[in-house]
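Enquirer: To start, I am sharing the structure in question, which I have written as structure tokens.
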Amino acid sequence: MNLIPLLPDTDPTAAFAYVNEQEIDRATFRAQVLTLAAALPARERVLNMCADRYWFAVTLFAAIARKMVTVLPNSAAPEHIAAVAAEQPGLLVLGDQAECPVADLPYMQINTLPPRMELAQAELPLIPFDQRVACLYTSGSTGTPMPHFKTFGRLRLAILAGAERVWGAAGQACSVVGTVPIRHMYGLESSVLLPIMAGGRMSGRIPFFPADIASALERMPAPRLLVITPFHLRKLLDADIRLPEIAVILSATAPLSAELAAQTRQQLGCPVLEIYGSTETGQVATRETDVETTWQTLQGIALEMRDDELWAVGEVYETPQMLNDTVELFSPQRFRLVDRKANMINVAGKRSSLSFLNNTLTSLPGVVDGMFCVPERGSGEEVERLAVFVVAPTLDRAAILAGLRQHLDSVFLPRHVVFVDSLPRDGNGKILARTVQALIASHLSGRD
Amino acid sequence: MEQQHSADTGPDLALESEIAALIVSALNLDITPADIAPEAPLYGDELGIDSIDILEIALVMSKQYGVQMKADNEDNSTIFASLRKLAAYIREHRSK
């Protein structure tokens, strides 16, 4: 069996993480991971709810050392967590908060454990290539959270392939600051695993406002990598705030425009590397969006057409992964993206499907009928905001929003709630596209 | 010297209504500025404001008042707990 040491063989004195203005070296990180691993009670799976990226990383690797699967829900919505917990019984919640962030589950606070430094010299556990280490969730097109398991060896292969691309663009390994959620595939790969497995440095912070991003970057030595989404990047540029030198920016979760990539290069003096991928596949390909239209797959990943379907293959996958987008394939490694899958909608980088959203809306008590739609954007609005048409004689706007909030990530909450007497459905129960357009035209146009 | 402004002076109602108007226009909300109750949570069910909106509002606040919002690891709900909290924060930190 192929065995891999839990952590890479790096200089123990090298700076690794920056947490609460403290610099933490590789030896301390290693000791911290092994200290927690020794302290964890025996469990099959844990729910890692740490808010700080460093403690998230310590917890993730401690769980791997103990052969526990880390469950990573894709939303903190109570319904989502409850659905995940129902599917993964016996979950132990690990976190860096004083109070358990999830109701009704056993909890252990992990960041109060001082590292036993003698463990920095201890043998590292050897992890089987095929050991399942993480289970990520997508809301999926059905509305039922869908689990996706990741194995240690394959995650590592993907990270090393990505590092070749990212560190290559920067000239060397970087200090990483990420604004993205650490429980999503993109944030997990690029802001957590990349610095750990490929010799970078990590910021514990997950900055949000432009001034926070600037100070998180300033705290880290150059060269610096910023892991961000197109929406957040746009806001960062708009804020026109002073930023320290950045070597390269990574963007994913929503299409990056060539214009925004070019503006970034001009304003911040660094390239933006866009990542193409998904929760199921992880990172698949990259491009520098302002200078190239074609994507190049990462080392070890190839694309193949089989019976009109597109598949990603390579050692990084347990089984080939079907991709839902339409592409023009120039070679197994180079392609152009033609179209994204229909029915899926993307709000500020988060994906859901219209059928899931509609199903959620019509399942609310008091809702007789309803549908989500995507109105045309008003001028100055860069992000798609949703609207709903709803038949619910006993409810008001606040009740609809409160009901939806239980099930949906808040970005999918409708900006406009339009109450109607009925929705004109055809004989098959469908609402025709032109009916939707007419509803939008009569209720939502000219609001700008 | 830092002063405890909010403790010894009342809320700045004019500033609150100015900020309410900025929020409604920046987010293209379905409501009038007066509909935003000063003490009600901004972030959450009432207005349906989410983290994207918070970033939009932060940008408007920096352009209008020269205030760079900082949250770091704190939940944004501290500054955005209510219109009143936001106005108090702006009053204390504004540079224009």
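For the structure tokens, the naming scheme is as follows: chains receive sequential letters (A, B, ...) according to their order of presentation, residues are indexed from 1 within each chain, and ligands are indexed from 1 in presentation order.
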Taking 6 positions as the minimum chain separation for residues in the same chain, which residues sit within 8 Å of Val133 in chain A when counting only C-alpha atoms? Answer as a PyMOL selection string.
Expert: chain A and resi 63-64+67-70+149-152
Enquirer: Quick check: residues of chain A within 7 Å of chain B, only C-alpha atoms, returned as a count of residues only.
Expert: 16
Enquirer: How many Å separate CA of Arg287 in chain A from CA of Val248 in chain A?
Expert: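 Computing the Euclidean distance for CA of Arg287 in chain A and CA of Val248 in chain A yields 12.5 Å.
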Enquirer: What does the distance from CA of Phe80 in chain B to CA of Ile36 in chain B come to in Å, to one decimal?
Expert: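 Value for the CA of Phe80 in chain B-CA of Ile36 in chain B distance: 12.7 Å.
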Enquirer: Find the spatial neighbours of Leu15 in chain B, counting only C-alpha atoms, within a cut-off of 10 Å - ignore same-chain residues fewer than 4 positions away - and output them as a ChimeraX atom specification.
Expert: /B:11,19-21,83-84,86-88,90-91
Enquirer: Between CA of Ala77 in chain A and CA of Pro101 in chain A, what distance in Å does the model show, to one decimal?
Expert: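 Rounded to one decimal, the two atoms are 11.4 Å apart.
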Enquirer: Identify all residues of range 5-181 of chain A in strand (DSSP E or B) (DSSP on the backbone) and supply them as a ChimeraX atom specification.
Expert: /A:5,15-19,22-25,45-48,69-72,92-95,107-109,126-128,132-138,146-151,175-178
Enquirer: Here is a test: counting only C-alpha atoms, which residue of A:Leu236, A:Val176, A:Ala31, A:Cys373 is nearest to Phe61 in chain A?
Expert: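 Nearest candidate to Phe61 in chain A out of A:Leu236, A:Val176, A:Ala31, A:Cys373: A:Ala31.
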Enquirer: Contacts of range 352-369 of chain A at 12 Å or less, counting only C-alpha atoms, minus same-chain residues fewer than 5 places along, as a ChimeraX atom specification?
Expert: /A:74-75,79,138-145,253,341-347,374,386-397,399-414,417,419-425,429-431
